[in-house]
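Asker: Next up is a structure, given as structure tokens.
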Amino acid sequence: MTRPSARRLPELRLVHPLLRLPAFQFVAILPTAAIVAVVLLSSWRGIEHPSFNFGLMFTWVVWWGALLVSLLVLGRAWCLVCPIGAVGEWLQRLSLWWRSPYTAGYHLRWPGALRNMWLPTALFVLFIWLDNGVGFSNSPRMTAGLIAVLLLGAAWVGLVFERRAFCRYVCPLTSFIGLNALLSAFELRGRDGRICRTLCDTKDCFRGNARRYGCPMAEFPGAMDTNLQCILCAECMRSCPHDNVALRLRVPGQDLWEMRRPRLDGAVSATVVVGLATVLPLMMLTLLPVVRRALAGALAAGEATRLVAVGLLFGLGIAASAAIVYAFSALARRAAGDPGVPTRLLFARYAYALLPLGLAKSLADLSDHLFRTWGVVPDVTRALMLDFPFNQVVPGRVTAVHLVPPLGTYLVQAALLLGGLLFTLYAAHRISLRLFPERDAAFASFLPIAGLSFLLTLVGLWTLAVGLP
Amino acid sequence: MWRRAVALTALATGPLSGLVIWAVIGSPGRVVSVGDPPAHEASEIAVRASTWAFTPSVIRARPHDTLRFAVASDDIQHGFAINELGINLQLVAGQERRSPTVTLALPPGRYVIHCSVFCGLGHPSMKATLVVGDPGPTPGQRLPWIASLAGLVAVAGFAARARARPGRREDPA
């Protein structure tokens, strides 16, 4: 239940009245729904020019960047305002925010075999593979198609399965967002675990009541110990009859070392998320030309070759990422000299510690694009305003201007990576102290993971240094 | 115990670190130099873009050379931008785009040629270099080494601190 250390953290009482408003989430979704509508129209109908298409630029640069930053601060706050997940919920509940006596759909339970992170992790990899193989992120039409598929998928799953099954078990971004939400500086939790355990018979926060719904992500806030599935909708705050749920500040990343039951599917997903940001770009940079040349003789030239080559490297890169983390976990076990702690447990714990490094690398990647193609932001805004919202006018030449010069950009990237390294080292150290009662063994087990963290930092530092003046 | 752990860590991390650096800087890519064009004509540099590299990866020119770039993408949409020259071409697969003719009124140095269209995982590394004149050693060549050293110092410093002050004992997992 509630951790003793957590009680000392301040609650954000000032925002509690806002969170308790019945229409809080609906009002929060409205602005993003309007923006997503413009994004959809401009990417579907607008010009195919990547530097003048608002939908494309907004989705892959502005939204992606805002998502990465928001994860560090507010966890899954994007899921709170995401209109895609909301569509399924609105259809299922036949209401926008009030407790409706009617419902639509079948409300089936999500299949037990799929109650884990394997499916969303596979969909995340599929999504990134297709993006890199066919170029979603530089095609407005494919971007519009992707948003439409997600909207239809969320609506269908919402009508067949109970609660937000799509957001928890299907959305291709749920593993990425959920895992990185562990780093956030805020948490929504039960205030006093004893009240949840002994005084509360109804568990309204989970089941709902006559006036409010239960947790849409099927979490019981009284027992929730991580941000993995909390979308900060505050439905539990509104439904709790004991006023026992609070939003509070915490040490960023606390979930990484304090989670009680780290799961293997989550740990593998964490290695995938971190590997996609570090190991995969290195392999793409160094091996893709070789693999493409090797395949060129066997396959017809064009998209198929690239898709297969990228697919091969994805398979290899993801396997290599998991193998490296597992190998260093085995090394950590050997260094600690404690046969009672299996490698599998060390892997399941330490894989989460690498998440800050992965997020730092993703932020460094994005800052590179943002700083050196800054001129695209006014270009794309001008293009949208000239033909709102269809975005079919080319307003002249593309601007070429740095916001920050290349060396300055690299310094920012290096600072981000070194910050991510320190965050990872701190998390790994705290995890080691939980794993081993003997401090010497804990320290010895921590050292190989520190070495792995350095290695992944090095990958980021050198792949980002390509072409430095 | 910790000395053995340090040795194991160094044995595992050292060769892999060397491999990473060698993999990135080991293949210099193709280099072209701008030749002497006929009088009153610009030199044209042909560049191919593909996920995620430019060929050639280094273009050498002299100060005040007049040149233009003829760039084509072999696969998806990419960009070809040299901000210092105000060039930003949008590349569609299979179509060649020509830049305006420019005179290199730039001081000797190394200038980044980059993809200006977000194109996937390798996008941040999709760069080439325009070398004007003889710039000699530049800070960009040293920065990754300095940053790597800073990373090593961070790890060593953190480990030394963790060893000296192991912190409060955590609840067992």
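As shown in the structure tokens, the chain order sets the letters A, B, ...; within each chain, residues go from 1, and ligands are also counted from 1 in the order they appear.
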Do a neighbour search on region 85-100 of chain A at 9 Å with only C-alpha atoms, toss out local chain neighbours closer than 5 positions, and write the hits as number ranges by chain.
Answerer: A: 22-26, 29, 79-80, 105-107, 150-164, 166-167, 171, 209-213, 216
Asker: Mind dumping the selected residues with C-alpha atoms as a CSV table (one decimal), in the first residue's frame?
Answerer:
chain,number,residue,atom,x,y,z
A,22,PRO,CA,-16.8,15.9,-13.2
A,23,ALA,CA,-15.9,17.3,-16.7
A,24,PHE,CA,-12.2,17.6,-15.9
A,25,GLN,CA,-10.9,15.1,-18.5
A,26,PHE,CA,-13.4,16.0,-21.1
A,29,ILE,CA,-9.4,16.6,-24.2
A,79,CYS,CA,-3.1,9.7,-22.4
A,80,LEU,CA,-5.2,12.0,-20.2
A,105,GLY,CA,-21.0,-2.7,-26.9
A,106,TYR,CA,-20.2,-6.0,-25.4
A,107,HIS,CA,-18.0,-5.1,-22.4
A,150,LEU,CA,-5.8,4.2,-34.4
A,151,LEU,CA,-9.1,6.0,-34.1
A,152,LEU,CA,-11.0,3.1,-35.7
A,153,GLY,CA,-9.1,0.6,-33.6
A,154,ALA,CA,-9.8,2.4,-30.4
A,155,ALA,CA,-13.5,2.7,-31.3
A,156,TRP,CA,-13.7,-1.0,-32.1
A,157,VAL,CA,-11.9,-2.2,-29.0
A,158,GLY,CA,-14.0,0.1,-26.9
A,159,LEU,CA,-17.2,-1.4,-28.2
A,160,VAL,CA,-16.1,-5.0,-27.8
A,161,PHE,CA,-14.0,-4.9,-24.6
A,162,GLU,CA,-14.5,-3.3,-21.2
A,163,ARG,CA,-12.9,-0.1,-20.0
A,164,ARG,CA,-9.9,1.3,-21.9
A,166,PHE,CA,-7.2,-0.3,-26.2
A,167,CYS,CA,-5.1,2.2,-24.2
A,171,CYS,CA,-2.1,1.1,-28.4
A,209,ASN,CA,-20.6,3.8,-8.3
A,210,ALA,CA,-24.0,5.3,-9.2
A,211,ARG,CA,-22.4,8.7,-9.9
A,212,ARG,CA,-18.9,8.0,-11.2
A,213,TYR,CA,-17.0,5.4,-13.2
A,216,PRO,CA,-10.8,3.2,-16.9
Asker: Taking only C-alpha atoms into account, which residues of chain A are within 6 Å of chain B, as JSON, numbers by chain?
Answerer: {"A": [132, 138, 281, 335, 365, 400, 401, 433, 434, 435, 444, 448, 451, 455, 464, 466, 467, 468, 469]}
Asker: Enumerate as number ranges by chain all residues of chain B assigned to strand (DSSP E or B) by DSSP on the backbone, naming them with the chain letters and numbers the document uses.
Answerer: B: 31-33, 43-50, 53-55, 58-61, 66-73, 78-82, 87-91, 93, 96-98, 102-103, 109-114, 127-132
Asker: For the alpha helix (DSSP H) assignment from backbone DSSP, which residues of chain B qualify? Please present them as number ranges by chain.
Answerer: B: 2-25, 139-164
Asker: So that I can see what lies close to His242 (chain A), please list as number ranges by chain the residues with an atom at most 9 Å from it, counting only C-alpha atoms and leaving out residues fewer than 4 positions away in the same chain.
Answerer: A: 195-196, 199-200
Asker: Determine the nearest neighbour of Ala415 (chain A) from the options A:Arg293, A:Lys361, A:Arg344, A:Arg13, counting only C-alpha atoms.
Answerer: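 Closest to Ala415 (chain A) of all the choices is A:Lys361.
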Asker: What is the CA of Ser43 (chain A)-CA of Arg141 (chain A) distance in Å, reported with one decimal?
Answerer: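 Spanning CA of Ser43 (chain A) to CA of Arg141 (chain A) is a straight-line distance of 5.8 Å.
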Asker: Do you have the CA of Ala144 (chain A)-CA of His369 (chain A) distance handy?
Answerer: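 For CA of Ala144 (chain A) relative to CA of His369 (chain A), the distance reads 21.8 Å.
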Asker: What is the CA of Ser33 (chain B) to CA of Ser73 (chain B) distance in Å?
Answerer: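 Those two atoms sit 21.1 Å apart.
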